[in-house]
$ cat data.cif   # mmCIF, C-alpha atoms
data_protein
#
loop_
_atom_site.label_atom_id
_atom_site.label_comp_id
_atom_site.auth_asym_id
_atom_site.auth_seq_id
_atom_site.Cartn_x
_atom_site.Cartn_y
_atom_site.Cartn_z
CA MET M 5 33.48 59.49 166.69
CA THR M 6 37.25 59.19 166.46
CA ILE M 7 39.73 58.55 163.66
CA GLN M 8 42.32 56.98 165.96
CA PRO M 9 41.75 53.40 164.63
CA LEU M 10 42.35 54.68 161.09
CA LEU M 11 45.49 56.52 162.15
CA GLU M 12 46.79 53.42 163.95
CA LYS M 13 46.35 51.43 160.73
CA ALA M 14 48.18 54.15 158.82
CA ARG M 15 51.15 53.98 161.18
CA GLN M 16 51.21 50.18 160.93
CA ALA M 17 51.21 50.39 157.12
CA THR M 18 54.50 52.32 157.00
CA GLU M 19 56.56 49.12 157.11
CA SER M 20 54.67 47.61 154.17
CA ILE M 21 55.19 50.49 151.76
CA ARG M 22 58.68 51.36 153.01
CA THR M 23 59.98 47.87 152.25
CA LEU M 24 58.16 47.42 148.92
CA PRO M 25 60.87 47.12 146.23
CA ASP M 26 61.15 50.10 143.91
CA ALA M 27 60.33 48.02 140.84
CA GLN M 28 57.11 46.95 142.55
CA LYS M 29 56.18 50.55 143.35
CA GLN M 30 56.75 51.47 139.72
CA ALA M 31 54.62 48.57 138.51
CA LEU M 32 51.90 49.44 141.03
CA LEU M 33 51.62 52.99 139.69
CA GLN M 34 51.54 51.72 136.12
CA GLN M 35 48.70 49.35 137.06
CA LEU M 36 46.85 52.21 138.76
CA SER M 37 47.27 54.27 135.59
CA ARG M 38 45.57 51.54 133.59
CA SER M 39 42.85 51.21 136.21
CA LEU M 40 42.00 54.92 136.01
CA THR M 41 41.68 54.73 132.24
CA GLU M 42 39.57 51.58 132.38
CA ASN M 43 37.24 53.09 134.97
CA ILE M 44 36.64 56.51 133.38
CA PRO M 45 32.84 56.02 133.23
CA ALA M 46 32.65 55.04 136.91
CA ILE M 47 34.82 57.97 137.98
CA ILE M 48 32.78 60.43 135.94
CA ALA M 49 29.55 59.03 137.39
CA ALA M 50 30.85 59.47 140.94
CA ASN M 51 32.10 62.94 140.10
CA LYS M 52 28.69 63.90 138.70
CA LYS M 53 27.11 63.18 142.09
CA ASP M 54 29.42 65.78 143.62
CA LEU M 55 29.01 68.28 140.79
CA ASP M 56 25.22 68.10 141.03
CA LEU M 57 25.41 69.25 144.66
CA MET M 58 27.56 72.31 143.90
CA PRO M 59 26.03 75.54 142.53
CA ASP M 60 27.15 76.45 139.01
CA GLU M 61 28.34 79.87 140.17
CA ASP M 62 30.72 78.38 142.75
CA PRO M 63 34.30 79.05 141.51
CA LYS M 64 35.40 75.70 142.98
CA LYS M 65 33.24 73.81 140.50
CA ASP M 66 35.94 73.76 137.84
CA ARG M 67 38.39 72.39 140.41
CA LEU M 68 35.92 69.65 141.27
CA LEU M 69 35.30 68.57 137.67
CA LEU M 70 36.87 65.36 136.37
CA ASN M 71 36.17 64.66 132.70
CA ALA M 72 37.70 62.01 130.46
CA GLN M 73 40.55 64.30 129.39
CA ARG M 74 41.50 65.16 132.96
CA ILE M 75 41.35 61.51 134.05
CA ARG M 76 43.60 60.48 131.16
CA SER M 77 45.99 63.26 132.17
CA LEU M 78 46.03 61.90 135.73
CA ALA M 79 46.73 58.41 134.38
CA ALA M 80 49.62 59.75 132.29
CA SER M 81 51.08 61.53 135.30
CA LEU M 82 51.18 58.21 137.19
CA ASN M 83 53.43 56.79 134.49
CA ASP M 84 55.58 59.91 134.67
CA ILE M 85 55.98 59.46 138.44
CA ALA M 86 56.84 55.78 137.96
CA ARG M 87 59.68 56.75 135.62
CA LEU M 88 61.25 59.23 138.04
CA PRO M 89 64.31 58.19 140.07
CA ASP M 90 63.63 56.64 143.46
CA PRO M 91 64.12 59.45 146.00
CA VAL M 92 64.69 57.02 148.88
CA ASN M 93 68.01 55.57 150.06
CA GLN M 94 70.07 58.16 148.22
CA LEU M 95 73.53 58.61 149.72
CA LEU M 96 73.92 62.30 150.52
CA LEU M 97 77.18 62.23 152.46
CA GLU M 98 79.81 59.74 153.58
CA ASN M 99 82.71 60.23 155.98
CA HIS M 100 85.35 57.85 157.31
CA LEU M 101 86.31 59.30 160.69
CA GLU M 102 89.76 59.04 162.26
CA ASN M 103 88.31 56.81 164.99
CA GLY M 104 87.26 54.27 162.38
CA LEU M 105 83.55 55.10 162.30
CA LEU M 106 81.85 55.14 158.92
CA VAL M 107 79.20 57.89 158.87
CA GLN M 108 76.60 58.09 156.10
CA LYS M 109 73.62 60.35 155.52
CA LYS M 110 70.82 58.91 153.40
CA THR M 111 67.29 59.84 152.36
CA VAL M 112 64.37 57.99 153.98
CA PRO M 113 60.57 58.37 153.71
CA LEU M 114 58.85 60.95 155.88
CA GLY M 115 56.49 58.29 157.29
CA VAL M 116 52.81 59.21 157.49
CA VAL M 117 51.80 62.25 155.46
CA GLY M 118 48.48 63.90 156.24
CA VAL M 119 46.95 66.10 153.55
CA ILE M 120 43.93 68.35 154.03
CA TYR M 121 42.46 69.73 150.81
CA GLU M 122 39.32 71.11 149.20
CA SER M 123 37.33 70.32 146.08
CA ARG M 124 40.11 68.96 143.88
CA PRO M 125 39.85 65.16 143.51
CA ASN M 126 42.94 65.10 141.29
CA VAL M 127 44.88 65.80 144.51
CA THR M 128 43.74 62.39 145.77
CA VAL M 129 45.54 60.63 142.94
CA ASP M 130 48.57 62.93 142.87
CA VAL M 131 49.25 62.65 146.61
CA ALA M 132 48.67 58.89 146.73
CA ALA M 133 51.00 58.28 143.79
CA LEU M 134 53.78 60.51 145.12
CA CYS M 135 53.56 58.94 148.58
CA ILE M 136 53.56 55.38 147.25
CA ARG M 137 56.56 56.11 145.00
CA SER M 138 58.50 57.65 147.90
CA GLY M 139 57.60 54.90 150.39
CA ASN M 140 55.23 57.00 152.48
CA VAL M 141 51.75 56.38 153.85
CA CYS M 142 49.18 59.10 153.18
CA VAL M 143 46.10 60.03 155.17
CA LEU M 144 43.75 62.09 153.01
CA ARG M 145 41.14 64.47 154.31
CA GLY M 146 39.28 65.77 151.27
CA GLY M 147 36.28 68.07 151.41
CA SER M 148 32.69 66.89 151.65
CA ASP M 149 32.05 68.46 148.25
CA ALA M 150 34.21 65.75 146.59
CA ILE M 151 33.34 62.79 148.80
CA HIS M 152 31.82 60.58 146.07
CA THR M 153 34.72 61.17 143.66
CA ASN M 154 37.39 60.69 146.33
CA THR M 155 35.76 57.50 147.60
CA CYS M 156 35.76 56.06 144.08
CA LEU M 157 39.40 57.01 143.47
CA VAL M 158 40.67 55.68 146.81
CA ALA M 159 38.88 52.37 146.18
CA LEU M 160 40.83 52.02 142.91
CA ILE M 161 44.09 52.95 144.64
CA GLN M 162 43.56 50.45 147.45
CA ASP M 163 42.70 47.75 144.93
CA ALA M 164 46.04 48.36 143.21
CA LEU M 165 47.85 48.18 146.56
CA ARG M 166 46.24 44.82 147.31
CA GLN M 167 47.26 43.48 143.91
CA PHE M 168 50.90 44.07 144.86
CA ASP M 169 50.55 42.67 148.39
CA ALA M 170 50.97 46.11 149.93
CA ASP M 171 48.89 47.21 152.89
CA GLU M 172 45.75 48.94 151.58
CA ASN M 173 45.97 51.34 154.54
CA THR M 174 48.97 52.93 152.81
CA VAL M 175 46.33 55.27 151.35
CA GLN M 176 43.33 56.17 153.50
CA LEU M 177 40.47 58.61 153.03
CA LEU M 178 39.28 60.08 156.31
CA PRO M 179 35.64 61.07 156.88
CA PRO M 180 34.95 64.67 155.80
CA ASP M 181 33.42 65.57 159.17
CA ARG M 182 34.98 68.91 160.15
CA ALA M 183 34.88 67.98 163.81
CA LEU M 184 37.56 65.36 163.12
CA VAL M 185 40.07 67.80 161.62
CA THR M 186 41.32 68.87 165.04
CA GLU M 187 42.04 65.26 165.95
CA MET M 188 44.09 64.92 162.77
CA LEU M 189 46.02 68.11 163.49
CA THR M 190 46.96 66.93 166.98
CA ALA M 191 47.80 63.30 166.10
CA VAL M 192 51.54 63.70 166.74
CA LYS M 193 51.82 60.00 167.62
CA TYR M 194 50.59 58.86 164.20
CA ILE M 195 51.17 61.62 161.60
CA ASP M 196 54.64 62.94 160.78
CA ILE M 197 53.71 65.93 158.66
CA ILE M 198 50.56 67.82 157.67
CA ILE M 199 50.15 69.52 154.31
CA PRO M 200 47.15 71.83 153.82
CA ARG M 201 46.14 72.54 150.24
CA GLY M 202 43.31 74.96 149.59
CA SER M 203 42.05 78.40 150.49
CA GLN M 204 43.91 80.89 152.63
CA GLN M 205 41.28 80.31 155.32
CA LEU M 206 42.07 76.59 155.38
CA ILE M 207 45.81 77.22 155.53
CA ASP M 208 45.42 79.79 158.31
CA PHE M 209 43.27 77.36 160.32
CA VAL M 210 45.78 74.53 159.99
CA ARG M 211 48.69 76.81 160.87
CA ALA M 212 46.91 78.04 163.99
CA ASN M 213 45.75 74.65 165.23
CA SER M 214 48.25 72.00 164.16
CA ARG M 215 50.61 70.39 166.64
CA VAL M 216 51.94 68.20 163.81
CA PRO M 217 54.71 69.92 161.76
CA LEU M 218 53.31 71.32 158.53
CA ILE M 219 54.36 72.41 155.09
CA GLU M 220 52.14 75.09 153.60
CA THR M 221 51.08 74.84 149.99
CA GLY M 222 49.92 78.39 149.90
CA ALA M 223 47.27 80.40 148.22
CA GLY M 224 48.38 82.18 145.08
CA VAL M 225 48.06 85.95 144.81
CA CYS M 226 49.84 86.26 141.48
CA HIS M 227 50.88 89.48 139.74
CA THR M 228 51.99 90.25 136.20
CA TYR M 229 53.88 93.53 135.71
CA VAL M 230 53.85 95.01 132.21
CA GLU M 231 57.04 97.06 132.11
CA ARG M 232 57.48 100.03 129.74
CA SER M 233 59.74 98.13 127.30
CA ALA M 234 57.32 95.21 126.93
CA ASN M 235 56.03 93.86 123.64
CA LEU M 236 52.45 94.92 124.33
CA GLU M 237 50.75 92.39 122.07
CA GLN M 238 52.71 89.63 123.76
CA ALA M 239 51.91 91.13 127.16
CA ALA M 240 48.16 91.17 126.47
CA ALA M 241 48.25 87.54 125.33
CA ILE M 242 50.20 86.45 128.43
CA VAL M 243 47.94 88.33 130.84
CA THR M 244 44.82 86.93 129.18
CA ASN M 245 46.16 83.38 129.35
CA ALA M 246 47.20 83.78 132.98
CA LYS M 247 43.71 84.96 133.90
CA VAL M 248 41.29 82.92 131.79
CA SER M 249 42.92 79.58 130.91
CA ARG M 250 41.88 78.13 134.27
CA PRO M 251 40.88 80.90 136.66
CA SER M 252 40.09 78.70 139.67
CA VAL M 253 43.65 77.47 140.27
CA CYS M 254 46.35 78.97 142.47
CA ASN M 255 48.73 79.97 139.65
CA ALA M 256 46.11 82.07 137.85
CA LEU M 257 46.67 85.82 137.63
CA ASP M 258 45.03 88.07 140.19
CA THR M 259 46.54 91.53 139.64
CA VAL M 260 47.93 93.33 136.59
CA LEU M 261 50.43 96.12 137.16
CA VAL M 262 51.16 98.29 134.14
CA ASP M 263 53.74 101.04 133.70
CA THR M 264 52.17 104.43 133.15
CA ALA M 265 54.29 104.98 130.02
CA VAL M 266 52.47 102.17 128.18
CA ALA M 267 49.23 101.94 130.15
CA ALA M 268 46.95 103.50 127.54
CA ASP M 269 48.24 101.38 124.64
CA PHE M 270 48.36 98.20 126.69
CA ILE M 271 44.87 98.51 128.13
CA ALA M 272 43.49 99.21 124.66
CA LEU M 273 44.91 95.85 123.58
CA LEU M 274 43.96 93.97 126.73
CA ALA M 275 40.38 95.19 127.16
CA PRO M 276 38.76 93.36 124.24
CA GLN M 277 40.61 90.13 125.08
CA LEU M 278 39.38 90.05 128.68
CA ALA M 279 35.92 91.28 127.67
CA ALA M 280 35.57 88.22 125.44
CA TYR M 281 35.69 86.10 128.59
CA ASN M 282 33.47 88.42 130.66
CA VAL M 283 36.24 89.11 133.16
CA ASP M 284 35.23 91.47 135.96
CA ILE M 285 37.98 94.07 136.43
CA TYR M 286 38.49 96.01 139.66
CA ALA M 287 40.57 99.03 138.70
CA GLU M 288 42.21 101.89 140.59
CA PRO M 289 41.38 105.38 139.24
CA LEU M 290 44.00 105.65 136.48
CA ALA M 291 43.30 102.18 135.13
CA TYR M 292 39.56 102.72 135.58
CA ALA M 293 39.64 105.83 133.39
CA LEU M 294 41.54 104.02 130.63
CA LEU M 295 39.23 101.00 130.70
CA GLU M 296 36.18 103.27 130.72
CA ALA M 297 37.56 105.06 127.67
CA ASN M 298 37.74 101.67 125.98
CA HIS M 299 34.10 100.99 126.94
CA TYR M 300 35.00 97.98 129.07
CA PRO M 301 31.68 96.34 130.03
CA HIS M 302 32.59 94.63 133.33
CA LEU M 303 34.33 97.43 135.20
CA HIS M 304 34.34 98.20 138.92
CA PRO M 305 36.26 100.70 141.02
CA ALA M 306 38.85 98.87 143.09
CA SER M 307 38.73 98.88 146.86
CA ALA M 308 41.76 98.28 149.07
CA GLU M 309 40.68 94.64 149.46
CA ASP M 310 40.96 94.00 145.72
CA PHE M 311 44.74 94.06 145.93
CA GLY M 312 46.24 91.08 147.71
CA ARG M 313 43.07 89.13 146.92
CA GLU M 314 43.07 85.65 145.41
CA PHE M 315 40.06 85.77 143.09
CA LEU M 316 39.90 82.11 141.89
CA SER M 317 37.36 83.19 139.28
CA LEU M 318 37.02 85.38 136.18
CA GLN M 319 37.92 88.50 138.12
CA CYS M 320 41.13 90.50 138.50
CA SER M 321 42.44 93.87 139.62
CA ILE M 322 44.49 96.36 137.60
CA LYS M 323 46.73 99.17 138.75
CA VAL M 324 48.84 101.70 136.85
CA VAL M 325 52.26 102.24 138.46
CA PRO M 326 54.83 104.98 137.70
CA ASN M 327 57.88 102.72 137.42
CA THR M 328 59.50 99.39 138.23
CA THR M 329 60.28 100.44 141.78
CA ALA M 330 56.61 101.05 142.47
CA ALA M 331 55.69 97.70 140.92
CA LEU M 332 58.23 95.89 143.09
CA GLU M 333 56.95 97.67 146.20
CA HIS M 334 53.36 96.68 145.37
CA ILE M 335 54.33 93.04 144.87
CA GLN M 336 56.35 93.05 148.08
CA GLU M 337 53.30 94.26 149.99
CA TYR M 338 50.60 92.09 148.44
CA SER M 339 52.24 88.93 147.08
CA SER M 340 51.58 85.56 148.67
CA ARG M 341 55.06 84.51 147.43
CA HIS M 342 53.66 82.02 144.92
CA SER M 343 54.27 83.08 141.30
CA GLU M 344 55.09 86.53 139.88
CA ALA M 345 55.83 87.67 136.33
CA ILE M 346 57.31 90.60 134.44
CA ILE M 347 56.75 91.31 130.75
CA SER M 348 59.79 93.21 129.53
CA ARG M 349 62.37 93.47 126.75
CA ASP M 350 64.91 95.11 129.05
CA PRO M 351 67.29 92.40 130.35
CA ILE M 352 68.59 94.59 133.18
CA VAL M 353 65.09 95.31 134.50
CA SER M 354 64.13 91.67 134.05
CA GLU M 355 67.10 90.48 136.09
CA GLN M 356 66.30 93.07 138.74
CA PHE M 357 62.77 91.69 138.95
CA LEU M 358 63.95 88.06 139.14
CA ASN M 359 66.47 88.80 141.87
CA THR M 360 64.28 91.15 143.91
CA VAL M 361 60.87 89.48 143.98
CA ASP M 362 60.52 87.02 146.86
CA ALA M 363 58.38 84.23 145.42
CA ALA M 364 58.61 80.50 144.81
CA ALA M 365 58.54 81.03 141.03
CA VAL M 366 59.38 84.18 139.07
CA TYR M 367 58.84 84.60 135.33
CA VAL M 368 60.05 86.79 132.49
CA ASN M 369 57.75 87.01 129.46
CA ALA M 370 55.64 83.97 130.35
CA SER M 371 52.36 83.15 132.05
CA THR M 372 52.30 82.26 135.75
CA ARG M 373 50.07 79.33 134.80
CA PHE M 374 53.19 77.21 134.26
CA THR M 375 53.90 76.82 137.99
CA ASP M 376 53.05 73.15 138.21
CA GLY M 377 54.90 70.00 139.22
CA GLY M 378 53.97 68.14 136.05
CA VAL M 379 55.00 71.04 133.81
CA PHE M 380 58.32 71.40 135.65
CA GLY M 381 59.13 67.73 135.02
CA LEU M 382 58.35 66.51 138.54
CA GLY M 383 55.56 64.11 137.51
CA ALA M 384 52.98 65.71 139.79
CA GLU M 385 52.85 67.77 142.96
CA ILE M 386 51.22 67.77 146.34
CA GLY M 387 50.97 71.54 146.06
CA ILE M 388 52.98 74.72 145.58
CA SER M 389 54.89 75.50 148.76
CA THR M 390 55.18 79.20 149.54
CA GLN M 391 57.37 78.75 152.58
CA LYS M 392 61.14 78.39 152.60
CA LEU M 393 61.94 75.43 154.83
CA HIS M 394 62.17 71.89 153.44
CA ALA M 395 60.37 72.65 150.18
CA ARG M 396 59.57 75.68 148.04
CA GLY M 397 57.60 75.82 144.81
CA PRO M 398 56.12 72.59 143.42
CA PHE M 399 56.30 70.18 146.36
CA ALA M 400 56.81 66.85 144.64
CA LEU M 401 58.51 63.48 144.82
CA GLU M 402 62.05 64.53 145.68
CA LYS M 403 60.86 66.45 148.77
CA LEU M 404 58.79 63.61 150.29
CA VAL M 405 61.88 62.37 152.07
CA THR M 406 63.92 63.35 155.07
CA GLU M 407 67.46 62.54 156.17
CA LYS M 408 68.78 59.80 158.41
CA TRP M 409 72.31 59.18 159.70
CA PHE M 410 73.79 55.67 159.50
CA VAL M 411 76.86 55.07 161.66
CA TYR M 412 78.96 51.87 161.38
CA GLY M 413 81.45 51.04 164.09
CA SER M 414 83.69 48.23 165.31
CA GLY M 415 83.53 48.69 169.06
CA GLN M 416 84.38 52.40 169.35
CA THR M 417 83.56 54.21 172.61
CA ARG M 418 83.75 57.96 173.16
CA GLN M 419 86.28 59.30 175.67
#

$ encode --input "data.cif" --output "C-alpha cells"
Amino acid sequence: MTIQPLLEKARQATESIRTLPDAQKQALLQQLSRSLTENIPAIIAANKKDLDLMPDEDPKKDRLLLNAQRIRSLAASLNDIARLPDPVNQLLLENHLENGLLVQKKTVPLGVVGVIYESRPNVTVDVAALCIRSGNVCVLRGGSDAIHTNTCLVALIQDALRQFDADENTVQLLPPDRALVTEMLTAVKYIDIIIPRGSQQLIDFVRANSRVPLIETGAGVCHTYVERSANLEQAAAIVTNAKVSRPSVCNALDTVLVDTAVAADFIALLAPQLAAYNVDIYAEPLAYALLEANHYPHLHPASAEDFGREFLSLQCSIKVVPNTTAALEHIQEYSSRHSEAIISRDPIVSEQFLNTVDAAAVYVNASTRFTDGGVFGLGAEIGISTQKLHARGPFALEKLVTEKWFVYGSGQTRQ
C-alpha cells in the first residue's frame, strides 16, 4: 500500500486553492461553518463510534470528545478565520535599484502542509480552515482512534470545496496505518512542510525520521511559580484552573513551584481545591509534609520523573523552592518552552521572570490555559510551536506563508 497517488493529487490541488479569490475562500469557510452546525447529530454519531472504542480512563478521551458545544465553537472559529486579513500577497519590501530593477518581496502560500496528530478531531477542522484561508493544501494524518470522526468532518470539508469549484483534494485525510507515516515523512517531492501535533513521543519520532522540513508544535510541560509576594487566594484559584479546567491539553499545568516563605499558607488554600477534583499530587519532601499535614487524600512522593513530565490528566507535581532564582533554575531545566507563569505582586520579580524564562508564552498572574490561537485573536491554530524558527507560540494563519522575491526588469544584464 502506498499513499503516493493521494500525495500527487495534493500537489496538483495547489493551483486550485492558490488561485481561489479571497472572497471565495471567506465564503467557503462561512458555508463550512453552517454545514458543521447543520450536521451536529451526524458528527456526534461518528464521534461516538470512536469514543466507544476508547477506555474511559484514557486521558486522551476528553481530547477526542466532540459535543454540540464544541462543534458550535468550531463553527464560530471558522467565521473568525474568514474575517481575518488575507495573509497571502502581502508586500513586505520594495526596492527600486540603481540599475532600474524593481525588487519586491511578498508572502505566498507554503504549498502542501502535512499534519500528523492524535485524538483531537477539532484539529481536522482547524488545520483545514487555516490552510484553505491561506491558499495551502493540507494532508491530514489523524490517529486511528478518531478515524470515524475525522472521516465525517473531511467529507463535509470536501463538500464545501466542491460547492465553490475548488479541488476537493485541497484537504485530504490519509489512512491511519502507521506503516504509511514513514512514506509521508520522506515525501519531499509532494509535501513542503510537516507539522506534528501530539505527544512528545510522536514529536520525537517525526523529528528523527522526517526528511521534509518540520515545525514542532511541542508538548507542554507547564509550570506555575507562586512567589512570596503573591496574593495566595488568587494563586490557588489560578493553579486550580490551570490544572483542572481541561487537564488533557498541552497548556494545562503540570508542576507547581511555591516559595518556601508562603508554602504552608498557600498549600493550605490549594489542597481542598485540588482535592475537590481528585487531583493526584506528586510532591517532593517539603511539599509532601505540608500536604500530609492538610490531610490531602491523593498524595504520592515525587520521583525524579515527576518533574519535566507532561501529565495530560488530573495529576501534577509540587515542589517548594527557596527563592525566585531556584524557581527559574528549575523551569530552565524542566520546561518544554511552552507556557510558564508566575503569581506575584512584585513588579520587579515579575519582569525578571518574563525576561528570563525561555518559553513561547509567559504569564504574570494568569492561568497558562490561555495559550491558544483563538484566545489570542488568531481565529484558530495548528498548534503551539515551541521552536524559534518561522513560528513560535500559537502557529496560526499569519505563519502559513513563506516569502517570494519578485523582480521586474527591462532588459538588464549583470556585468

$ residues_around --input "data.cif" --residues "M:Ile195" --least-positions-apart "6" --cutoff "12 Å" --atoms "only C-alpha atoms" --output "list of chain:residue names"
M:Gln8, M:Leu10, M:Leu11, M:Glu12, M:Lys13, M:Ala14, M:Arg15, M:Gln16, M:Thr18, M:Leu114, M:Gly115, M:Val116, M:Val117, M:Gly118, M:Val119, M:Asn140, M:Val141, M:Cys142, M:Val143, M:Leu144, M:Glu187, M:Met188, M:Leu189, M:Ser214, M:Arg215, M:Val216, M:Pro217, M:Leu218

$ atom_distance --input "data.cif" --atom1 "atom CA of M:Ile85" --atom2 "atom CA of M:Arg250"
23.8 Å

$ closest_residue --input "data.cif" --among "M:Ala191, M:Ala275, M:Leu82, M:Leu236" --to "M:Gln34" --atoms "only C-alpha atoms"
M:Leu82

$ atom_distance --input "data.cif" --atom1 "atom CA of M:Gly224" --atom2 "atom CA of M:Val175"
27.7 Å

$ resolve_selection --input "data.cif" --expression "the PyMOL selection byres ((chain M and resi 356) around 12)" --output "list in words"
Thr328, Thr329, Ala331, Leu332, Ile346, Ser348, Asp350, Pro351, Ile352, Val353, Ser354, Glu355, Phe357, Leu358, Asn359, Thr360, Val361, Asp362, Val366, Tyr367 and Val368 of chain M

$ write_last_selection --input "data.cif" --atoms "C-alpha atoms" --output "PDB file, in the coordinates of the input"
ATOM      1  CA  THR M 328      59.500  99.390 138.230  1.00  0.00           C
ATOM      2  CA  THR M 329      60.280 100.440 141.780  1.00  0.00           C
ATOM      3  CA  ALA M 331      55.690  97.700 140.920  1.00  0.00           C
ATOM      4  CA  LEU M 332      58.230  95.890 143.090  1.00  0.00           C
ATOM      5  CA  ILE M 346      57.310  90.600 134.440  1.00  0.00           C
ATOM      6  CA  SER M 348      59.790  93.210 129.530  1.00  0.00           C
ATOM      7  CA  ASP M 350      64.910  95.110 129.050  1.00  0.00           C
ATOM      8  CA  PRO M 351      67.290  92.400 130.350  1.00  0.00           C
ATOM      9  CA  ILE M 352      68.590  94.590 133.180  1.00  0.00           C
ATOM     10  CA  VAL M 353      65.090  95.310 134.500  1.00  0.00           C
ATOM     11  CA  SER M 354      64.130  91.670 134.050  1.00  0.00           C
ATOM     12  CA  GLU M 355      67.100  90.480 136.090  1.00  0.00           C
ATOM     13  CA  PHE M 357      62.770  91.690 138.950  1.00  0.00           C
ATOM     14  CA  LEU M 358      63.950  88.060 139.140  1.00  0.00           C
ATOM     15  CA  ASN M 359      66.470  88.800 141.870  1.00  0.00           C
ATOM     16  CA  THR M 360      64.280  91.150 143.910  1.00  0.00           C
ATOM     17  CA  VAL M 361      60.870  89.480 143.980  1.00  0.00           C
ATOM     18  CA  ASP M 362      60.520  87.020 146.860  1.00  0.00           C
ATOM     19  CA  VAL M 366      59.380  84.180 139.070  1.00  0.00           C
ATOM     20  CA  TYR M 367      58.840  84.600 135.330  1.00  0.00           C
ATOM     21  CA  VAL M 368      60.050  86.790 132.490  1.00  0.00           C
TER      22      VAL M 368
END

$ closest_residue --input "data.cif" --among "M:Asp171, M:Leu404, M:Ala293, M:Thr111" --to "M:Leu97" --atoms "only C-alpha atoms"
M:Thr111

$ decode --input "data.cif" --residues "stretch 226-232 of chain M" --atoms "all heavy atoms" --output "compact mmCIF listing (two decimals), in the first residue's frame"
# COMPACT_ATOMS: atom_id res chain seq x y z
N CYS M 226 4.19 22.61 31.68
CA CYS M 226 3.89 23.98 32.09
C CYS M 226 3.98 24.13 33.61
O CYS M 226 3.40 23.34 34.36
CB CYS M 226 2.50 24.39 31.62
SG CYS M 226 2.27 24.24 29.83
N HIS M 227 4.70 25.16 34.05
CA HIS M 227 4.90 25.45 35.46
C HIS M 227 4.14 26.71 35.87
O HIS M 227 3.97 27.63 35.07
CB HIS M 227 6.38 25.68 35.77
CG HIS M 227 7.27 24.51 35.46
ND1 HIS M 227 7.65 24.21 34.17
CD2 HIS M 227 7.86 23.59 36.26
CE1 HIS M 227 8.44 23.14 34.18
NE2 HIS M 227 8.57 22.75 35.43
N THR M 228 3.73 26.75 37.13
CA THR M 228 3.27 27.99 37.75
C THR M 228 4.06 28.18 39.04
O THR M 228 4.07 27.29 39.91
CB THR M 228 1.77 27.96 38.04
OG1 THR M 228 1.05 27.85 36.81
CG2 THR M 228 1.33 29.24 38.74
N TYR M 229 4.73 29.32 39.15
CA TYR M 229 5.55 29.64 40.32
C TYR M 229 4.81 30.63 41.20
O TYR M 229 4.47 31.74 40.76
CB TYR M 229 6.89 30.21 39.88
CG TYR M 229 7.71 30.84 40.98
CD1 TYR M 229 7.89 30.20 42.20
CD2 TYR M 229 8.32 32.08 40.80
CE1 TYR M 229 8.64 30.78 43.22
CE2 TYR M 229 9.08 32.66 41.80
CZ TYR M 229 9.24 32.01 43.01
OH TYR M 229 9.99 32.59 44.02
N VAL M 230 4.53 30.23 42.43
CA VAL M 230 3.88 31.10 43.40
C VAL M 230 4.97 31.78 44.21
O VAL M 230 5.60 31.17 45.08
CB VAL M 230 2.92 30.29 44.31
CG1 VAL M 230 2.23 31.23 45.29
CG2 VAL M 230 1.89 29.55 43.45
N GLU M 231 5.20 33.05 43.89
CA GLU M 231 6.29 33.82 44.50
C GLU M 231 5.83 34.37 45.85
O GLU M 231 4.62 34.50 46.11
CB GLU M 231 6.69 34.93 43.53
CG GLU M 231 7.96 35.66 43.86
CD GLU M 231 7.69 36.97 44.58
OE1 GLU M 231 6.56 37.51 44.47
OE2 GLU M 231 8.61 37.46 45.27
N ARG M 232 6.78 34.72 46.72
CA ARG M 232 6.45 35.06 48.12
C ARG M 232 5.54 36.27 48.26
O ARG M 232 4.87 36.41 49.30
CB ARG M 232 7.73 35.25 48.92
CG ARG M 232 8.64 36.38 48.49
CD ARG M 232 9.88 36.44 49.36
NE ARG M 232 10.61 35.17 49.32
CZ ARG M 232 11.52 34.80 50.24
NH1 ARG M 232 11.77 35.60 51.26
NH2 ARG M 232 12.15 33.65 50.13
